[in-house]
Amino acid sequence: MSSTRRVVIAVFPDVDLLDVTGPAEVFALANRESGGRAGYQVQLAGRSRGEVVTSAGVRLVADLSFAEVGGVLDTLLIPGAVDLHPDGPVARIDQDVVEWVKEAAPLARRVASVCVGAHLLAAAGLLDGKTATTHWSTAAQLAADHPAVTVDPDPIFVRSGKVWTGAGISACMDLSLALVAEDMGEEVALGVARQLVMYLKRQGGQSQFSVPLSRPPASRRDIDELRMFIADHLDGDLSAAALAERMCLSERHFARVFRQETGTSPASYVEAARVEAARRLLESTDQPLDQVAAACGFGSVETLHRALRKQIGTTPAAYRRRFRTTT
């Protein structure tokens with residue numbers, strides 16, 4: 001049996017439950033799949049020993065206080081928590097965790113954040129000069145609060161040296177599987193994925209799907225109606241000129257209004273909507289690629305191929321192999 005790999009996960013009031021239990025389950029299954037060779041020992045650390053109430057209301061028990069952790073760590077894992085505001089979720093910065101991370105990070109072989117835990121790593125100075133990701137809904141907050149961090153809101157996880165950052169929320173499983181793969185190889189990681197009924201691990205560079213389509217309703221009803229029209233007519237003419245004509249606006253004024261309301265250009269939005277539709281067809285049907293391309297408005301398989309490469313970092317065939325749900 002290999003030496004013990006000590007994994008310490010921070011817990012604090014209102015921490016997201018899956019951010020803690022998801023990685024812990026992955027490491028436990030890695031021990032089982034490797035016949036004990038992985039040697040993961042998971043400990044929870046909090047402000048003090050004892051119960052911690054998570055955002056789900058479920059209680060966890062901290063094995064150690066932050067002050068008691070000490071010693072050499074294999075992996076320091078920092079989950080996150082959010083406060084709900086009228087404009088959306090805001091990552092909570094727990095100063096006790098931040099101060100502890102500053103002390104504990106140098107003791108660890110690697111440091112990883114789960115979901116909005118990236119904000120805590122950034123507050124501790126661990127992400128300065130690095131590329132990092134977080135849950136797409138708080139990526140703008142991370143970029144605004146920490147200009148020294150290059151925030152990429154798209155990938156499932158990002159590795160910058162010994163620091164890993166993961167998206168949310170179920171992406172904590174993908175990040176944890178990647179850590180297992182680094183330690184024990186792909187075979188053990190894939191065995192864990194099968195036990196979790198994940199079948200195959202998602203690549204870190206793969207997009208947090210639906211990000212461009214998960215925007216709040218626009219303040220203008222006509223823009224929201226146009227978004228519904230786009231979704232229903234993906235195989236039609238959705239050029240900026242055609243959409244501007246439908247809105248009875250000049251193309252230049254339409255582009256400005258659309259970006260103001262959605263945060264993206266008409267062309268980028270349409271491409272994202274078409275990729276989203278293609279993804280669903282690739283997952284749930286056996287349609288040939290030329291039919292998928294035509295149904296989603298790409299015109300050719302080559303255009304479909306380029307769009308998927310750009311949006312989610314993979315090819316149509318590779319995506320279908322990984323996520324196809326039909327038999």
# chains A, B, ... in the order shown; residues from 1 in each chain; ligands from 1

$ select_by_dssp --residues "range 27-256 of chain A" --states "helix (DSSP H, G or I)" --output "short mmCIF file (atom, residue, chain, number, x, y, z; two decimals) with N, CA, C and O atoms, in the first residue's frame"
data_model
loop_
_atom_site.label_atom_id
_atom_site.label_comp_id
_atom_site.auth_asym_id
_atom_site.auth_seq_id
_atom_site.Cartn_x
_atom_site.Cartn_y
_atom_site.Cartn_z
N PHE A 27 -12.83 10.36 -3.56
CA PHE A 27 -11.60 9.85 -2.96
C PHE A 27 -11.84 8.51 -2.26
O PHE A 27 -11.00 7.61 -2.31
N ALA A 28 -13.00 8.35 -1.63
CA ALA A 28 -13.32 7.08 -0.98
C ALA A 28 -13.44 5.96 -2.00
O ALA A 28 -12.95 4.84 -1.79
N LEU A 29 -14.09 6.24 -3.12
CA LEU A 29 -14.22 5.23 -4.17
C LEU A 29 -12.88 4.92 -4.82
O LEU A 29 -12.63 3.79 -5.25
N ALA A 30 -12.01 5.93 -4.90
CA ALA A 30 -10.67 5.68 -5.44
C ALA A 30 -9.91 4.70 -4.56
O ALA A 30 -9.18 3.83 -5.07
N ASN A 31 -10.07 4.82 -3.26
CA ASN A 31 -9.45 3.84 -2.35
C ASN A 31 -9.95 2.44 -2.66
O ASN A 31 -9.18 1.47 -2.72
N ARG A 32 -11.26 2.34 -2.87
CA ARG A 32 -11.85 1.03 -3.12
C ARG A 32 -11.43 0.47 -4.48
O ARG A 32 -11.06 -0.70 -4.60
N GLU A 33 -11.48 1.33 -5.51
CA GLU A 33 -11.15 0.87 -6.85
C GLU A 33 -9.68 0.48 -6.99
O GLU A 33 -9.32 -0.33 -7.84
N PHE A 66 -9.06 24.51 12.42
CA PHE A 66 -8.00 24.99 11.53
C PHE A 66 -6.65 24.97 12.23
O PHE A 66 -5.63 24.58 11.64
N ALA A 67 -6.64 25.36 13.48
CA ALA A 67 -5.38 25.45 14.23
C ALA A 67 -4.76 24.09 14.45
O ALA A 67 -3.54 23.99 14.68
N GLU A 68 -5.55 23.03 14.41
CA GLU A 68 -5.06 21.69 14.70
C GLU A 68 -4.56 20.94 13.47
O GLU A 68 -4.02 19.84 13.60
N GLN A 95 -13.49 35.13 6.16
CA GLN A 95 -12.13 35.57 6.47
C GLN A 95 -11.37 34.53 7.29
O GLN A 95 -10.14 34.43 7.17
N ASP A 96 -12.05 33.77 8.12
CA ASP A 96 -11.35 32.72 8.87
C ASP A 96 -10.75 31.70 7.93
O ASP A 96 -9.61 31.23 8.13
N VAL A 97 -11.50 31.33 6.89
CA VAL A 97 -10.99 30.37 5.92
C VAL A 97 -9.84 30.99 5.13
O VAL A 97 -8.82 30.33 4.89
N VAL A 98 -9.99 32.25 4.74
CA VAL A 98 -8.94 32.91 3.96
C VAL A 98 -7.63 32.93 4.73
O VAL A 98 -6.56 32.59 4.19
N GLU A 99 -7.68 33.31 6.00
CA GLU A 99 -6.45 33.37 6.79
C GLU A 99 -5.83 32.00 6.97
O GLU A 99 -4.60 31.84 6.96
N TRP A 100 -6.67 30.98 7.14
CA TRP A 100 -6.15 29.63 7.30
C TRP A 100 -5.52 29.13 6.00
O TRP A 100 -4.47 28.48 6.02
N VAL A 101 -6.15 29.46 4.87
CA VAL A 101 -5.60 29.03 3.58
C VAL A 101 -4.21 29.62 3.38
O VAL A 101 -3.29 28.94 2.88
N LYS A 102 -4.01 30.85 3.77
CA LYS A 102 -2.68 31.47 3.64
C LYS A 102 -1.63 30.66 4.40
O LYS A 102 -0.49 30.51 3.93
N GLU A 103 -2.01 30.13 5.55
CA GLU A 103 -1.06 29.36 6.37
C GLU A 103 -0.92 27.92 5.89
O GLU A 103 0.18 27.35 5.92
N ALA A 104 -2.03 27.33 5.45
CA ALA A 104 -2.03 25.90 5.13
C ALA A 104 -1.53 25.60 3.72
O ALA A 104 -0.96 24.53 3.47
N ALA A 105 -1.74 26.51 2.77
CA ALA A 105 -1.38 26.23 1.38
C ALA A 105 0.08 25.85 1.20
O ALA A 105 0.39 24.91 0.44
N PRO A 106 1.02 26.53 1.87
CA PRO A 106 2.43 26.12 1.69
C PRO A 106 2.73 24.71 2.18
O PRO A 106 3.74 24.12 1.80
N LEU A 107 1.87 24.15 3.03
CA LEU A 107 2.07 22.81 3.56
C LEU A 107 1.56 21.72 2.61
O LEU A 107 1.82 20.54 2.83
N CYS A 115 -16.07 25.10 -7.10
CA CYS A 115 -17.12 26.08 -7.37
C CYS A 115 -16.64 27.48 -6.93
O CYS A 115 -15.56 27.92 -7.29
N VAL A 116 -17.43 28.17 -6.09
CA VAL A 116 -17.08 29.53 -5.70
C VAL A 116 -15.99 29.56 -4.63
O VAL A 116 -15.61 30.64 -4.17
N GLY A 117 -15.44 28.42 -4.28
CA GLY A 117 -14.28 28.39 -3.40
C GLY A 117 -13.10 29.12 -4.01
O GLY A 117 -12.17 29.54 -3.30
N ALA A 118 -13.12 29.32 -5.34
CA ALA A 118 -12.04 30.06 -6.00
C ALA A 118 -11.92 31.47 -5.45
O ALA A 118 -10.83 32.04 -5.41
N HIS A 119 -13.03 32.04 -5.02
CA HIS A 119 -12.98 33.39 -4.45
C HIS A 119 -12.17 33.41 -3.16
O HIS A 119 -11.50 34.41 -2.86
N LEU A 120 -12.21 32.34 -2.40
CA LEU A 120 -11.43 32.26 -1.17
C LEU A 120 -9.94 32.11 -1.49
O LEU A 120 -9.10 32.72 -0.83
N LEU A 121 -9.61 31.31 -2.50
CA LEU A 121 -8.22 31.19 -2.91
C LEU A 121 -7.69 32.54 -3.41
O LEU A 121 -6.55 32.92 -3.12
N ALA A 122 -8.52 33.23 -4.17
CA ALA A 122 -8.11 34.54 -4.68
C ALA A 122 -7.89 35.53 -3.55
O ALA A 122 -6.92 36.29 -3.55
N ALA A 123 -8.79 35.52 -2.57
CA ALA A 123 -8.65 36.43 -1.43
C ALA A 123 -7.39 36.13 -0.63
O ALA A 123 -6.81 37.03 0.00
N TRP A 136 -19.97 29.88 -13.28
CA TRP A 136 -20.17 30.96 -14.25
C TRP A 136 -20.93 32.14 -13.67
O TRP A 136 -20.71 33.29 -14.06
N SER A 137 -21.81 31.89 -12.69
CA SER A 137 -22.64 32.98 -12.16
C SER A 137 -21.87 33.97 -11.32
O SER A 137 -22.34 35.08 -11.07
N THR A 138 -20.67 33.60 -10.84
CA THR A 138 -19.87 34.53 -10.03
C THR A 138 -18.55 34.87 -10.69
O THR A 138 -17.69 35.50 -10.07
N ALA A 139 -18.38 34.48 -11.95
CA ALA A 139 -17.10 34.74 -12.63
C ALA A 139 -16.83 36.24 -12.76
O ALA A 139 -15.69 36.69 -12.58
N ALA A 140 -17.87 37.02 -13.06
CA ALA A 140 -17.68 38.46 -13.18
C ALA A 140 -17.25 39.06 -11.85
O ALA A 140 -16.41 39.97 -11.80
N GLN A 141 -17.82 38.57 -10.75
CA GLN A 141 -17.42 39.05 -9.42
C GLN A 141 -15.96 38.73 -9.15
O GLN A 141 -15.21 39.58 -8.65
N LEU A 142 -15.52 37.54 -9.49
CA LEU A 142 -14.13 37.15 -9.27
C LEU A 142 -13.18 38.05 -10.06
O LEU A 142 -12.16 38.50 -9.54
N ALA A 143 -13.54 38.31 -11.32
CA ALA A 143 -12.70 39.16 -12.16
C ALA A 143 -12.65 40.59 -11.64
O ALA A 143 -11.59 41.23 -11.65
N ALA A 144 -13.79 41.10 -11.18
CA ALA A 144 -13.83 42.47 -10.68
C ALA A 144 -13.08 42.63 -9.37
O ALA A 144 -12.38 43.62 -9.15
N ASP A 145 -13.21 41.64 -8.49
CA ASP A 145 -12.58 41.72 -7.17
C ASP A 145 -11.07 41.46 -7.23
O ASP A 145 -10.33 41.93 -6.36
N ALA A 171 -19.53 19.84 -11.19
CA ALA A 171 -18.18 19.76 -11.75
C ALA A 171 -17.14 19.44 -10.69
O ALA A 171 -16.00 19.11 -11.02
N CYS A 172 -17.53 19.52 -9.41
CA CYS A 172 -16.60 19.11 -8.35
C CYS A 172 -16.21 17.65 -8.53
O CYS A 172 -15.09 17.24 -8.16
N MET A 173 -17.10 16.85 -9.12
CA MET A 173 -16.79 15.45 -9.35
C MET A 173 -15.74 15.30 -10.44
O MET A 173 -14.82 14.49 -10.33
N ASP A 174 -15.87 16.10 -11.50
CA ASP A 174 -14.90 16.05 -12.58
C ASP A 174 -13.52 16.48 -12.11
O ASP A 174 -12.51 15.86 -12.45
N LEU A 175 -13.48 17.54 -11.31
CA LEU A 175 -12.21 18.00 -10.76
C LEU A 175 -11.58 16.91 -9.88
O LEU A 175 -10.39 16.61 -9.99
N SER A 176 -12.38 16.31 -9.02
CA SER A 176 -11.86 15.28 -8.12
C SER A 176 -11.36 14.07 -8.90
O SER A 176 -10.32 13.48 -8.56
N LEU A 177 -12.07 13.71 -9.96
CA LEU A 177 -11.62 12.60 -10.80
C LEU A 177 -10.29 12.94 -11.48
O LEU A 177 -9.43 12.06 -11.64
N ALA A 178 -10.12 14.19 -11.86
CA ALA A 178 -8.85 14.60 -12.47
C ALA A 178 -7.71 14.50 -11.46
O ALA A 178 -6.59 14.10 -11.81
N LEU A 179 -7.98 14.83 -10.20
CA LEU A 179 -6.96 14.70 -9.17
C LEU A 179 -6.59 13.23 -8.96
O LEU A 179 -5.42 12.89 -8.80
N VAL A 180 -7.61 12.38 -8.97
CA VAL A 180 -7.36 10.94 -8.84
C VAL A 180 -6.55 10.43 -10.03
O VAL A 180 -5.62 9.63 -9.87
N ALA A 181 -6.89 10.88 -11.23
CA ALA A 181 -6.17 10.45 -12.42
C ALA A 181 -4.70 10.87 -12.34
O ALA A 181 -3.81 10.11 -12.75
N GLU A 182 -4.45 12.06 -11.82
CA GLU A 182 -3.07 12.51 -11.68
C GLU A 182 -2.30 11.60 -10.72
O GLU A 182 -1.13 11.28 -10.95
N ASP A 183 -2.97 11.15 -9.66
CA ASP A 183 -2.30 10.33 -8.64
C ASP A 183 -2.20 8.87 -9.03
O ASP A 183 -1.16 8.23 -8.84
N MET A 184 -3.29 8.33 -9.57
CA MET A 184 -3.40 6.88 -9.72
C MET A 184 -3.54 6.40 -11.16
O MET A 184 -3.59 5.21 -11.41
N GLU A 186 -5.41 6.84 -15.26
CA GLU A 186 -6.74 6.90 -15.85
C GLU A 186 -7.60 5.69 -15.49
O GLU A 186 -8.81 5.80 -15.33
N GLU A 187 -7.00 4.52 -15.37
CA GLU A 187 -7.79 3.32 -15.12
C GLU A 187 -8.56 3.41 -13.82
O GLU A 187 -9.76 3.09 -13.75
N VAL A 188 -7.89 3.86 -12.75
CA VAL A 188 -8.57 3.99 -11.46
C VAL A 188 -9.63 5.08 -11.55
O VAL A 188 -10.76 4.92 -11.06
N ALA A 189 -9.29 6.22 -12.17
CA ALA A 189 -10.25 7.31 -12.27
C ALA A 189 -11.49 6.90 -13.05
O ALA A 189 -12.62 7.24 -12.67
N LEU A 190 -11.30 6.15 -14.13
CA LEU A 190 -12.45 5.69 -14.91
C LEU A 190 -13.27 4.67 -14.12
O LEU A 190 -14.49 4.61 -14.24
N GLY A 191 -12.61 3.85 -13.30
CA GLY A 191 -13.34 2.93 -12.44
C GLY A 191 -14.23 3.68 -11.46
O GLY A 191 -15.38 3.29 -11.21
N VAL A 192 -13.72 4.76 -10.91
CA VAL A 192 -14.52 5.59 -10.01
C VAL A 192 -15.69 6.22 -10.76
O VAL A 192 -16.83 6.24 -10.27
N ALA A 193 -15.41 6.73 -11.97
CA ALA A 193 -16.47 7.34 -12.77
C ALA A 193 -17.59 6.34 -13.05
O ALA A 193 -18.77 6.68 -12.99
N ARG A 194 -17.24 5.10 -13.34
CA ARG A 194 -18.27 4.08 -13.58
C ARG A 194 -19.09 3.83 -12.34
O ARG A 194 -20.31 3.67 -12.39
N GLN A 195 -18.44 3.78 -11.18
CA GLN A 195 -19.18 3.56 -9.93
C GLN A 195 -20.15 4.71 -9.66
O GLN A 195 -21.21 4.52 -9.07
N ARG A 221 -38.86 43.47 -23.44
CA ARG A 221 -39.64 42.28 -23.78
C ARG A 221 -39.37 41.83 -25.21
O ARG A 221 -39.37 40.63 -25.51
N ASP A 222 -39.13 42.79 -26.12
CA ASP A 222 -38.92 42.41 -27.51
C ASP A 222 -37.64 41.60 -27.69
O ASP A 222 -37.56 40.72 -28.56
N ILE A 223 -36.63 41.85 -26.85
CA ILE A 223 -35.40 41.06 -26.92
C ILE A 223 -35.65 39.65 -26.42
O ILE A 223 -35.16 38.67 -27.00
N ASP A 224 -36.43 39.51 -25.34
CA ASP A 224 -36.77 38.17 -24.86
C ASP A 224 -37.58 37.41 -25.90
O ASP A 224 -37.38 36.22 -26.11
N GLU A 225 -38.49 38.10 -26.56
CA GLU A 225 -39.28 37.45 -27.62
C GLU A 225 -38.37 37.04 -28.77
O GLU A 225 -38.57 35.97 -29.37
N LEU A 226 -37.38 37.86 -29.08
CA LEU A 226 -36.45 37.51 -30.14
C LEU A 226 -35.63 36.28 -29.76
O LEU A 226 -35.36 35.42 -30.61
N ARG A 227 -35.23 36.18 -28.51
CA ARG A 227 -34.47 35.01 -28.06
C ARG A 227 -35.31 33.74 -28.24
O ARG A 227 -34.78 32.69 -28.65
N MET A 228 -36.61 33.82 -27.94
CA MET A 228 -37.48 32.66 -28.15
C MET A 228 -37.61 32.36 -29.64
O MET A 228 -37.63 31.19 -30.05
N PHE A 229 -37.67 33.40 -30.46
CA PHE A 229 -37.75 33.20 -31.91
C PHE A 229 -36.49 32.50 -32.41
O PHE A 229 -36.57 31.57 -33.22
N ILE A 230 -35.33 32.93 -31.93
CA ILE A 230 -34.07 32.30 -32.33
C ILE A 230 -34.08 30.81 -31.99
O ILE A 230 -33.72 29.96 -32.80
N ALA A 231 -34.50 30.49 -30.77
CA ALA A 231 -34.53 29.09 -30.33
C ALA A 231 -35.45 28.23 -31.19
O ALA A 231 -35.19 27.05 -31.40
N ASP A 232 -36.52 28.84 -31.73
CA ASP A 232 -37.49 28.09 -32.52
C ASP A 232 -37.16 28.06 -34.01
O ASP A 232 -37.83 27.35 -34.77
N ALA A 240 -27.39 38.91 -38.41
CA ALA A 240 -27.68 40.16 -37.71
C ALA A 240 -28.62 41.03 -38.53
O ALA A 240 -29.51 41.69 -37.99
N ALA A 241 -28.43 41.03 -39.86
CA ALA A 241 -29.28 41.85 -40.72
C ALA A 241 -30.74 41.38 -40.66
O ALA A 241 -31.67 42.19 -40.56
N ALA A 242 -30.94 40.04 -40.70
CA ALA A 242 -32.30 39.50 -40.67
C ALA A 242 -32.96 39.76 -39.32
O ALA A 242 -34.15 40.10 -39.25
N LEU A 243 -32.20 39.61 -38.25
CA LEU A 243 -32.77 39.85 -36.91
C LEU A 243 -33.06 41.33 -36.70
O LEU A 243 -34.08 41.69 -36.09
N ALA A 244 -32.20 42.20 -37.21
CA ALA A 244 -32.44 43.64 -37.09
C ALA A 244 -33.70 44.03 -37.86
O ALA A 244 -34.51 44.84 -37.38
N GLU A 245 -33.88 43.45 -39.03
CA GLU A 245 -35.09 43.74 -39.81
C GLU A 245 -36.32 43.28 -39.07
O GLU A 245 -37.35 43.98 -39.05
N ARG A 246 -36.24 42.14 -38.42
CA ARG A 246 -37.39 41.65 -37.65
C ARG A 246 -37.72 42.59 -36.50
O ARG A 246 -38.88 42.76 -36.14
N MET A 247 -36.70 43.20 -35.92
CA MET A 247 -36.89 44.13 -34.80
C MET A 247 -37.22 45.55 -35.27
O MET A 247 -37.44 46.45 -34.45
N GLU A 251 -29.21 47.75 -38.38
CA GLU A 251 -28.35 46.67 -37.92
C GLU A 251 -27.40 47.13 -36.82
O GLU A 251 -27.17 46.42 -35.84
N ARG A 252 -26.89 48.34 -36.95
CA ARG A 252 -25.95 48.85 -35.95
C ARG A 252 -26.63 49.09 -34.61
O ARG A 252 -26.10 48.71 -33.55
N HIS A 253 -27.83 49.70 -34.67
CA HIS A 253 -28.55 49.96 -33.41
C HIS A 253 -28.99 48.65 -32.76
O HIS A 253 -28.91 48.49 -31.54
N PHE A 254 -29.43 47.70 -33.59
CA PHE A 254 -29.85 46.40 -33.07
C PHE A 254 -28.69 45.70 -32.35
O PHE A 254 -28.86 45.16 -31.25
N ALA A 255 -27.51 45.70 -32.97
CA ALA A 255 -26.36 45.04 -32.36
C ALA A 255 -26.03 45.66 -31.00
O ALA A 255 -25.70 44.95 -30.05
N ARG A 256 -26.14 47.00 -30.93
CA ARG A 256 -25.85 47.68 -29.67
C ARG A 256 -26.88 47.31 -28.59
O ARG A 256 -26.52 47.02 -27.44
#

$ residues_around --residues "Asp128 in chain A" --least-positions-apart "4" --cutoff "10 Å" --atoms "only C-alpha atoms" --output "number ranges by chain"
A: 121-124, 132, 146-150

$ write_last_selection --atoms "C-alpha atoms" --output "mmCIF file, in the first residue's frame"
data_model
loop_
_atom_site.group_PDB
_atom_site.id
_atom_site.type_symbol
_atom_site.label_atom_id
_atom_site.label_comp_id
_atom_site.auth_asym_id
_atom_site.auth_seq_id
_atom_site.Cartn_x
_atom_site.Cartn_y
_atom_site.Cartn_z
ATOM 1 C CA LEU A 121 -8.215 31.195 -2.907
ATOM 2 C CA ALA A 122 -8.110 34.537 -4.685
ATOM 3 C CA ALA A 123 -8.647 36.431 -1.430
ATOM 4 C CA ALA A 124 -5.716 34.487 0.028
ATOM 5 C CA ALA A 132 -8.698 30.298 -12.814
ATOM 6 C CA HIS A 146 -9.226 40.294 -8.287
ATOM 7 C CA PRO A 147 -7.857 41.954 -11.438
ATOM 8 C CA ALA A 148 -4.550 40.074 -11.027
ATOM 9 C CA VAL A 149 -6.406 36.819 -11.757
ATOM 10 C CA THR A 150 -7.183 35.779 -15.330
#

$ closest_residue --among "A:Phe12, A:Val82, A:Arg321, A:Gly71" --to "Thr285 in chain A" --atoms "only C-alpha atoms"
A:Arg321

$ atom_distance --atom1 "CA of Pro79 in chain A" --atom2 "CA of Gly168 in chain A"
10.0 Å

$ closest_residue --among "A:Ala278, A:Leu249, A:Val270, A:Ala295" --to "Asp235 in chain A" --atoms "only C-alpha atoms"
A:Ala295

$ closest_residue --among "A:Gly166, A:Gly50, A:Pro153, A:Gly161" --to "Ile78 in chain A" --atoms "only C-alpha atoms"
A:Gly166
